[in-house]
Structures are given as C-alpha cells and as structure tokens.
Amino acid sequence: MDFNITPAQVGTRPPVEKPSPAVLEYLGEDGMRKLVSDHYDLLRQSNIKGLFPPTDKGFAMAKEHSADFFIQICGGPQHFNQKRGRPMMAARHAPFKINPEARRVWLESYAMVLAQHDMPEELKKSFWNYIDIFSIWMMNTNEA
Ligand code: HEM
C-alpha cells in the first residue's frame with residue numbers, strides 16, 4: 001500500500017479517527033510493543049535522533065511510554081493513563097521542536113516498519129491513517 005503523508009500546516013488540528021481495535025487484536029500487546037520498538041530503533045538512526053533521549057535507559061522508557069499509548073488508543077488497557085496521566089499529546093510534545101520535516105521523518109520511519117510487517121493491509125491502513133493525521137497535531141514550529 002501507499003503510505004501517503006497528508007500535507008498540513010503547523011498549528012492545525014484536523015479531526016482524528018482512532019485506529020481500529022482490530023489492530024491490537026491482531027498484534028497483541030507484545031506485537032504492538034515490537035512495532036513501536038522497531039519504529040524507535042529507526043528514529044534513533046535518523047536525522048531527528050537528537051530529539052530523543054540519548055541514554056539506552058531513557059530510550060527504553062520512551063519506547064515503553066509510546067507502546068503504552070498505542071495499546072490504549074487501540075482499545076487496550078489504560079497503561080498510559082495509569083503511568084503517565086492524561087495523554088495531552090500535543091502538550092507533551094511542546095518541549096520538542098517538531099517541524100514538518102521531523103513529522104515526515106517520524107512518519108516515514110513508521111512507513112518502513114509497516115511495509116515490512118505481516119499485518120493485513122486494512123489494519124496497516126487504519127494505523128497509518130491515524131498517525132498520518134494525529135502527527136499533524138504534534139507539529140509546533142516551522143523553524144529548522
Ligand atoms: C510528528 C512527529 C513526532 C515526533 C517528532 C515525536 C517526537 C517525540 C519525542 C521527542 C518524544 C519524547 C521522548 C521521550 O523522552 O519520552 C515523544 C514522546 C511521545 N510521543 Fe511522539 N512524536 C511525534 C508524533 C507522535 C504521534 C503522532 C504520537 C501518537 C500517535 C506520539 C506519541 C508519543 C507518546 C505516547 C510519547 C510519550 C509521552 C510521555 O510519556 O510523556 N508521537 N515524541
């Protein structure tokens with residue numbers, strides 16, 4: 001499938017549709033953790049690696065929190081809320097400079113992981129549509 005990135009302006013918040021619970025049903029929690037882990041491993045080699053924690057421990061925590069969130073947003077247990085409180089995702093990303101290029105790299109890293117994955121296409125599409133749009137919310141600067 002094509003992983004198209006929707007063009008968007010910084011500061012806009014288009015309505016988002018959550019991924020289908022079938023994504024988590026297919027992957028299971030461990031499968032979701034692996035998906036997120038593979039994504040983060042690509043980010044760590046990308047030109048936006050400087051945004052992420054430099055230590056292995058910090059990086060492992062970042063993976064854990066992100067996977068907790070994706071499990072929750074796909075209808076699974078509320079791990080994220082229990083450990084971290086209300087998601088408030090845009091606010092949590094505010095300390096980091098996320099420009100359209102950072103969004104592109106972040107999404108393309110997911111596209112690479114999804115392209116290799118054995119998940120059915122309609123589940124990939126559901127997951128992709130969610131991150132494509134919700135990632136627009138996380139952009140907070142046009143500065144390089
Ligand atoms: C637009 C591109 C994005 C970039 C560049 C980005 C970058 C980051 C960075 C730098 C962190 C902090 C890492 C840490 O120290 O824990 C983070 C945390 C996180 N991000 Fe993103 N992010 C993006 C989009 C998204 C999207 C679309 C989602 C959800 C669908 C998401 C979910 C999360 C979660 C759950 C955390 C952990 C927050 C916490 O526990 O405090 N991110 N992200």
# chains A, B, ... in the order shown; residues from 1 in each chain; ligands from 1

$ residues_around --residues "A:Arg84" --least-positions-apart "6" --cutoff "12 Å" --atoms "only C-alpha atoms" --output "ChimeraX atom specification"
/A:61-62,64-66,68-69,78,92

$ residues_near_ligand --ligand "ligand 1" --cutoff "8 Å" --atoms "only C-alpha atoms and all ligand atoms" --output "ChimeraX atom specification"
/A:48,51-53,58-59,61-63,65-70,80,84,87,89,92-93,96-100,102-107,130-139

$ write_last_selection --atoms "N, CA and C atoms" --output "compact mmCIF listing (two decimals), in the first residue's frame"
# COMPACT_ATOMS: atom_id res chain seq x y z
N ILE A 48 16.48 12.92 13.12
CA ILE A 48 15.80 13.55 14.27
C ILE A 48 16.14 12.82 15.58
N LEU A 51 16.21 14.53 19.06
CA LEU A 51 15.01 14.87 19.84
C LEU A 51 14.80 13.86 20.98
N PHE A 52 15.37 12.67 20.85
CA PHE A 52 15.03 11.57 21.75
C PHE A 52 16.11 11.38 22.82
N PRO A 53 15.75 10.67 23.89
CA PRO A 53 16.72 10.52 24.99
C PRO A 53 18.01 9.86 24.51
N GLY A 58 16.86 5.79 28.96
CA GLY A 58 15.87 6.80 28.58
C GLY A 58 15.13 6.38 27.33
N PHE A 59 15.89 5.81 26.41
CA PHE A 59 15.29 5.38 25.16
C PHE A 59 14.31 4.23 25.38
N MET A 61 12.65 3.70 28.06
CA MET A 61 11.45 4.28 28.70
C MET A 61 10.56 4.95 27.66
N ALA A 62 11.19 5.64 26.71
CA ALA A 62 10.42 6.31 25.66
C ALA A 62 9.62 5.27 24.86
N LYS A 63 10.27 4.15 24.54
CA LYS A 63 9.57 3.07 23.83
C LYS A 63 8.39 2.57 24.64
N HIS A 65 6.65 4.05 27.01
CA HIS A 65 5.53 5.00 27.11
C HIS A 65 4.76 5.08 25.79
N SER A 66 5.49 5.07 24.69
CA SER A 66 4.82 5.15 23.40
C SER A 66 3.97 3.91 23.16
N ALA A 67 4.53 2.72 23.46
CA ALA A 67 3.75 1.49 23.27
C ALA A 67 2.53 1.47 24.19
N ASP A 68 2.71 1.94 25.43
CA ASP A 68 1.56 2.01 26.35
C ASP A 68 0.44 2.84 25.72
N PHE A 69 0.85 3.93 25.08
CA PHE A 69 -0.16 4.81 24.47
C PHE A 69 -0.87 4.12 23.31
N PHE A 70 -0.10 3.50 22.43
CA PHE A 70 -0.72 2.87 21.25
C PHE A 70 -1.61 1.70 21.64
N PHE A 80 -1.11 3.71 29.64
CA PHE A 80 -0.51 5.06 29.57
C PHE A 80 -1.09 5.96 30.65
N ARG A 84 1.26 7.62 33.27
CA ARG A 84 1.67 8.97 32.86
C ARG A 84 0.60 10.02 33.05
N PRO A 87 -3.29 11.81 28.41
CA PRO A 87 -2.32 11.87 27.31
C PRO A 87 -1.87 13.29 26.93
N MET A 89 -1.37 14.87 24.26
CA MET A 89 -0.21 14.59 23.41
C MET A 89 0.47 15.84 22.86
N ARG A 92 2.49 17.39 25.56
CA ARG A 92 3.69 16.61 25.90
C ARG A 92 4.79 16.76 24.85
N HIS A 93 4.39 17.08 23.62
CA HIS A 93 5.39 17.26 22.56
C HIS A 93 5.89 18.71 22.49
N PHE A 96 9.57 19.84 22.56
CA PHE A 96 10.46 19.40 21.48
C PHE A 96 10.12 20.19 20.22
N LYS A 97 11.16 20.58 19.47
CA LYS A 97 10.92 21.31 18.22
C LYS A 97 10.53 20.32 17.14
N ILE A 98 9.24 20.29 16.81
CA ILE A 98 8.76 19.35 15.79
C ILE A 98 8.25 20.14 14.60
N ASN A 99 9.06 20.16 13.54
CA ASN A 99 8.69 20.89 12.31
C ASN A 99 8.17 19.88 11.27
N PRO A 100 7.69 20.37 10.13
CA PRO A 100 7.14 19.44 9.13
C PRO A 100 8.14 18.37 8.69
N ALA A 102 10.47 17.00 10.60
CA ALA A 102 10.51 15.99 11.68
C ALA A 102 9.30 15.07 11.58
N ARG A 103 8.14 15.66 11.28
CA ARG A 103 6.93 14.83 11.10
C ARG A 103 7.15 13.84 9.95
N ARG A 104 7.72 14.34 8.85
CA ARG A 104 7.94 13.47 7.69
C ARG A 104 8.87 12.30 8.06
N VAL A 105 9.94 12.60 8.75
CA VAL A 105 10.89 11.53 9.12
C VAL A 105 10.22 10.55 10.07
N TRP A 106 9.48 11.08 11.03
CA TRP A 106 8.78 10.22 12.02
C TRP A 106 7.81 9.30 11.29
N LEU A 107 7.02 9.87 10.36
CA LEU A 107 6.04 9.05 9.64
C LEU A 107 6.72 8.07 8.68
N TYR A 130 -4.42 6.98 11.15
CA TYR A 130 -4.41 7.62 12.47
C TYR A 130 -3.13 8.42 12.67
N ILE A 131 -1.98 7.79 12.45
CA ILE A 131 -0.73 8.52 12.73
C ILE A 131 -0.49 9.64 11.71
N ASP A 132 -0.93 9.44 10.48
CA ASP A 132 -0.78 10.50 9.45
C ASP A 132 -1.46 11.78 9.94
N ILE A 133 -2.69 11.65 10.41
CA ILE A 133 -3.43 12.85 10.83
C ILE A 133 -3.01 13.33 12.21
N PHE A 134 -2.88 12.40 13.15
CA PHE A 134 -2.59 12.88 14.52
C PHE A 134 -1.19 13.50 14.60
N SER A 135 -0.28 13.07 13.73
CA SER A 135 1.07 13.66 13.76
C SER A 135 1.03 15.15 13.40
N ILE A 136 -0.02 15.57 12.69
CA ILE A 136 -0.17 17.00 12.37
C ILE A 136 -0.29 17.80 13.67
N TRP A 137 -0.99 17.23 14.64
CA TRP A 137 -1.19 17.92 15.93
C TRP A 137 0.13 18.17 16.66
N MET A 138 1.11 17.32 16.40
CA MET A 138 2.37 17.39 17.15
C MET A 138 3.34 18.42 16.59
N MET A 139 3.09 18.90 15.36
CA MET A 139 4.00 19.90 14.79
C MET A 139 3.80 21.21 15.56

$ residues_around --residues "stretch 33-35 of chain A" --least-positions-apart "3" --cutoff "12 Å" --atoms "only C-alpha atoms" --output "PyMOL selection string"
chain A and resi 23-24+27-30+38-42+60-72+109-119+124+127

$ closest_residue --among "A:Thr141, A:Pro15, A:Arg86, A:Lys125" --to "A:Met1" --atoms "only C-alpha atoms"
A:Lys125

$ closest_residue --among "A:Cys74, A:Ala94, A:Ile5, A:Ala144" --to "A:Lys18" --atoms "only C-alpha atoms"
A:Cys74

$ closest_residue --among "A:Asn140, A:Pro54, A:Gln45, A:Tyr26" --to "A:Ala91" --atoms "only C-alpha atoms"
A:Asn140

$ select_by_dssp --residues "stretch 10-144 of chain A" --states "alpha helix (DSSP H)" --output "JSON, numbers by chain"
{"A": [21, 22, 23, 24, 25, 26, 27, 28, 29, 30, 31, 32, 33, 34, 35, 36, 37, 38, 39, 40, 41, 42, 43, 56, 57, 58, 59, 60, 61, 62, 63, 64, 65, 66, 67, 68, 69, 70, 71, 72, 73, 79, 80, 81, 82, 83, 84, 89, 90, 91, 92, 93, 100, 101, 102, 103, 104, 105, 106, 107, 108, 109, 110, 111, 112, 113, 114, 115, 116, 121, 122, 123, 124, 125, 126, 127, 128, 129, 130, 131, 132, 133, 134, 135, 136, 137, 138]}
